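Asks: Structure below; questions to follow.
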Amino acid sequence: MSLKLQIELIRFDSKMDYLPYSARVEILSTSPSKEGLVELYHHIKIKIPDFGFEERVPYCKINGRIVYKNVTITEIIEGFGSSITLEPIAPKWALKDLIIDKNPYVKALFAVDEILDLSEEDLDYYRAMLPFRFASSLALSDEEYLGEAFFLFVAEMARRYPKESTRLLALLSDPQKGVMKAIPLRARLFPLDDWFDVEIETLQRKILQGYPHQESRWKNLRESVVKSFGAGGKR
Amino acid sequence: MIKGQRFLLIEGEGKAFAPLAVSSKRLLGSLGLEIIKSYETHSDGGYWGRVADLEGFLEIWALLFSKAQSLGATPLALEEDSYLNALYAFKILSENGSLCDKIAHKVTQRGGEFALCEPLYLPSMLFESGVMEGKIQSRFEEFRAAWIGSPRACELPSSAKGWMMGWKKLLGLGIMEGFFSFEGYAQMLSFDPKAALAQSARLYFEAVDLGIDFILTTSASQFGMMDAQKGAILKASKRDRLETPLLYPAQLLLMALGERERKHLGIDLHQIKVEMV
């Protein structure tokens with residue numbers, strides 16, 4: 001079955017444009033249940049030859065939600081309808097349409113680099129977390145905030161390198177930029193999945209329960225919360 | 001579902017909860033529903049409660065469920081934060097047998113008889129029961145609202161989400177939602193108050209800038225950040241004015257039933273003045 005998709009594409013070329021602008025394009029997919037994001041981008045490129053995207057990093061935002069893994073055109077239409085807005089995961093870092101500057105993201109690894117000798121497999125995992133870097137409003141509006149991608153990556157590295165888990169998790173406990181500020185991402189992701197939120201809550205639990213360093217600020221928060229149990233009186 | 005059913009209200013504390021408690025009790029009373037409001041219970045610590053000490057958190061909820069059962073009542077959450085916490089506890093206690101046994105033992109040690117009963121959520125319960133039908137005196141066709149829920153509203157089961165569509169039809173109210181509907185920063189207040197206020201101010205004005213008449217909030221923590229801290233939010237926003245009020249669903253429904261008395265609606269307790277048209 002063929003399916004049509006109307007796309008409002010948010011375009012920007014950092015070499016030429018002062019502001020982003022939109023272009024409308026309609027594509028027809030003859031095998032929508034088999035074609036994914038990359039095929040979708042190729043359809044667009046037929047209509048807009050200078051459309052910019054990366055096959056290796058196909059993540060995007062559709063109707064404001066982060067598409068963090070490959071999905072078929074059928075799934076896109078089921079999730080959003082046949083008219084969508086397509087934009088890069090991080091408009092602020094856009095170089096050319098869906099292509100973004102990844103240098104700031106890669107630079108954030110330096111703190112982990114000081115602790116671990118990261119393998120290519122580890123780096124692949126970090127690259128796979130890229131879409132989560134821009135998933136929350138906090139990550140978009142607070143430059144200091146380390147972001148959910150970094151938290152998820154550190155959690156995985158702590159599992160892979162348990163001997164270094166204390167030092168790794170210490171990277172996340174800062175009250176201004178760390179994981180305790182994170183809120184659920186689920187509403188912002190497509191497809192829906194709560195794995196990320198469960199992982200973040202597990203990290204928050206560790207820190208609040210005194211891991212890795214029994215930091216007094218978190219110990220105090222935990223104690224005041226636990227003390228409040230049973231202190232309510234009449235509700 | 002409703003006939004003969006008694007409700008044990010799951011209430012909170014403080015400035016943010018007071019208008020909700022006043023209006024909800026008035027609303028339930030107006031609809032002839034039996035409520036039990038003298039039950040003494042304890043704080044569950046909010047979101048940090050479940051993160052900091054899961055067993056302590058579960059014990060608090062197990063005590064409430066057990067008490068409700070002993071009174072022949074159904075626990076009823078008036079807003080989303082407490083509903084989500086109650087539901088989280090109910091789900092774990094239902095699915096994790098060994099943890100449930102441990103918590104049940106603690107309830108017994110405290111002199112109770114452990115029982116599990118599923119909590120209900122006020123807006124859903126009122127919509128699903130049909131108890132409002134035929135009682136609406138005022139509709140809100142000329143008004144537009146933006147919905148701001150709990151930051152964990154995405155954890156709501158689909159059964160607890162249908163009420164808003166129903167209400168749009170029942171009340172004729174335009175309710176807009178966006179990503180701002182699923183964000184909230186009250187949990188940061190204890191360790192980064194500056195950021196908590198700045199982010200809450202951003203959220204408030206994202207909704208207000210849609211040109212709405214009021215914010216419909218289903219979360220006491222959001223009300224606490226935006227209405228109860230009006231002055232701090234205004235300062236953090238760097239705007240000149242902050243006038244768009246927040247309303248809880250119970251207040252809106254009570255208005256729909258024809259209630260105009262500010263004290264009965266609980267709007268006399270708001271920091272952002274609610275002007276009745």
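Residues in the structure tokens are numbered from 1 in each chain, the chains being A, B, ... in the order shown, and ligands are numbered from 1 in the order shown.
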Compile the residues of chain B that lie within 8 Å of chain A, evaluated using only C-alpha atoms, and express the compilation as number ranges by chain.

Replies: B: 10-13, 37-45, 48-49, 51-53, 56-57, 60, 151-152, 154, 179, 182-185, 187-188, 190-192, 199

Asks: Generate a file of the selected residues that holds C-alpha atoms, formatted as a compact mmCIF listing (two decimals), in the first residue's frame.

Replies:
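Listed below is the output, selection_25.txt:
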```txt
# COMPACT_ATOMS: atom_id res chain seq x y z
CA ILE B 10 -6.21 11.67 49.63
CA GLU B 11 -5.37 15.16 50.67
CA GLY B 12 -2.19 17.17 50.78
CA GLU B 13 -1.04 20.10 52.83
CA LYS B 37 -12.37 13.50 55.54
CA SER B 38 -11.31 12.95 59.09
CA TYR B 39 -8.68 10.34 58.40
CA GLU B 40 -5.27 11.13 59.79
CA THR B 41 -2.52 10.13 57.45
CA HIS B 42 1.04 11.08 56.71
CA SER B 43 3.15 12.68 54.04
CA ASP B 44 4.57 10.33 51.41
CA GLY B 45 7.48 12.69 50.68
CA TRP B 48 11.60 12.24 46.38
CA GLY B 49 9.78 10.02 48.85
CA VAL B 51 13.16 7.71 45.32
CA ALA B 52 14.68 8.18 48.78
CA ASP B 53 13.02 5.34 50.65
CA GLY B 56 8.87 3.84 53.74
CA PHE B 57 6.89 5.33 50.87
CA ILE B 60 2.58 5.12 54.02
CA PRO B 151 5.72 16.45 35.40
CA ARG B 152 4.96 12.73 35.68
CA CYS B 154 3.10 10.83 31.14
CA PHE B 179 5.14 19.87 26.02
CA PHE B 182 4.30 17.49 31.06
CA GLU B 183 7.03 19.51 32.72
CA GLY B 184 7.47 20.62 36.31
CA TYR B 185 10.29 21.76 38.51
CA GLN B 187 11.25 18.88 42.93
CA MET B 188 14.29 21.15 42.40
CA SER B 190 15.06 22.10 47.82
CA PHE B 191 18.47 22.16 46.12
CA ASP B 192 18.33 24.73 43.29
CA GLN B 199 12.00 27.06 34.80
```

Asks: Can you tell me which residues surround Glu133 in chain B at a distance of at most 10 Å, considering only C-alpha atoms, apart from same-chain residues fewer than 5 positions away, and format the answer as a list in words?

Replies: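 My reading of the contact set: Leu126, Phe127 and Leu170 of chain B.
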
Asks: Excluding same-chain residues fewer than 5 positions from Ser24 in chain B, what lies within 10 Å of it counting only C-alpha atoms, as a PDB file with C-alpha atoms, in the first residue's frame?

Replies:
```
ATOM      1  CA  LEU B   9      -9.946  11.702  50.215  1.00  0.00           C
ATOM      2  CA  ALA B  18      -6.046  24.423  50.303  1.00  0.00           C
ATOM      3  CA  PRO B  19      -8.115  25.757  47.348  1.00  0.00           C
ATOM      4  CA  GLY B  29     -20.972  17.317  48.530  1.00  0.00           C
ATOM      5  CA  SER B  30     -22.979  19.105  45.814  1.00  0.00           C
ATOM      6  CA  LEU B  78      -7.893  15.073  44.094  1.00  0.00           C
ATOM      7  CA  GLU B  79      -4.876  15.876  41.942  1.00  0.00           C
ATOM      8  CA  LEU B 122     -11.281  12.775  40.892  1.00  0.00           C
ATOM      9  CA  TYR B 248      -8.084  23.224  39.429  1.00  0.00           C
ATOM     10  CA  PRO B 249     -10.621  21.029  37.596  1.00  0.00           C
ATOM     11  CA  ALA B 250     -12.761  20.812  40.746  1.00  0.00           C
ATOM     12  CA  GLN B 251     -13.101  24.608  40.829  1.00  0.00           C
ATOM     13  CA  LEU B 253     -16.690  21.962  37.663  1.00  0.00           C
ATOM     14  CA  LEU B 254     -18.109  23.682  40.679  1.00  0.00           C
ATOM     15  CA  HIS B 264     -16.801  27.879  48.317  1.00  0.00           C
ATOM     16  CA  LEU B 265     -14.697  27.795  45.170  1.00  0.00           C
ATOM     17  CA  GLY B 266     -11.530  28.326  47.167  1.00  0.00           C
TER      18      GLY B 266
END
```

Asks: Would you mind reading off the distance between CA of Gly81 in chain A and CA of Ala128 in chain A, one decimal, in Å?

Replies: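 Between these atoms lies a distance of 26.6 Å.
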
Asks: For each of B:Gly72, B:Gly231, B:Pro157, B:Gly130, take the minimum atom-to-atom distance to Leu116 in chain B, counting only C-alpha atoms, then give the residue where this is smallest.

Replies: B:Gly72
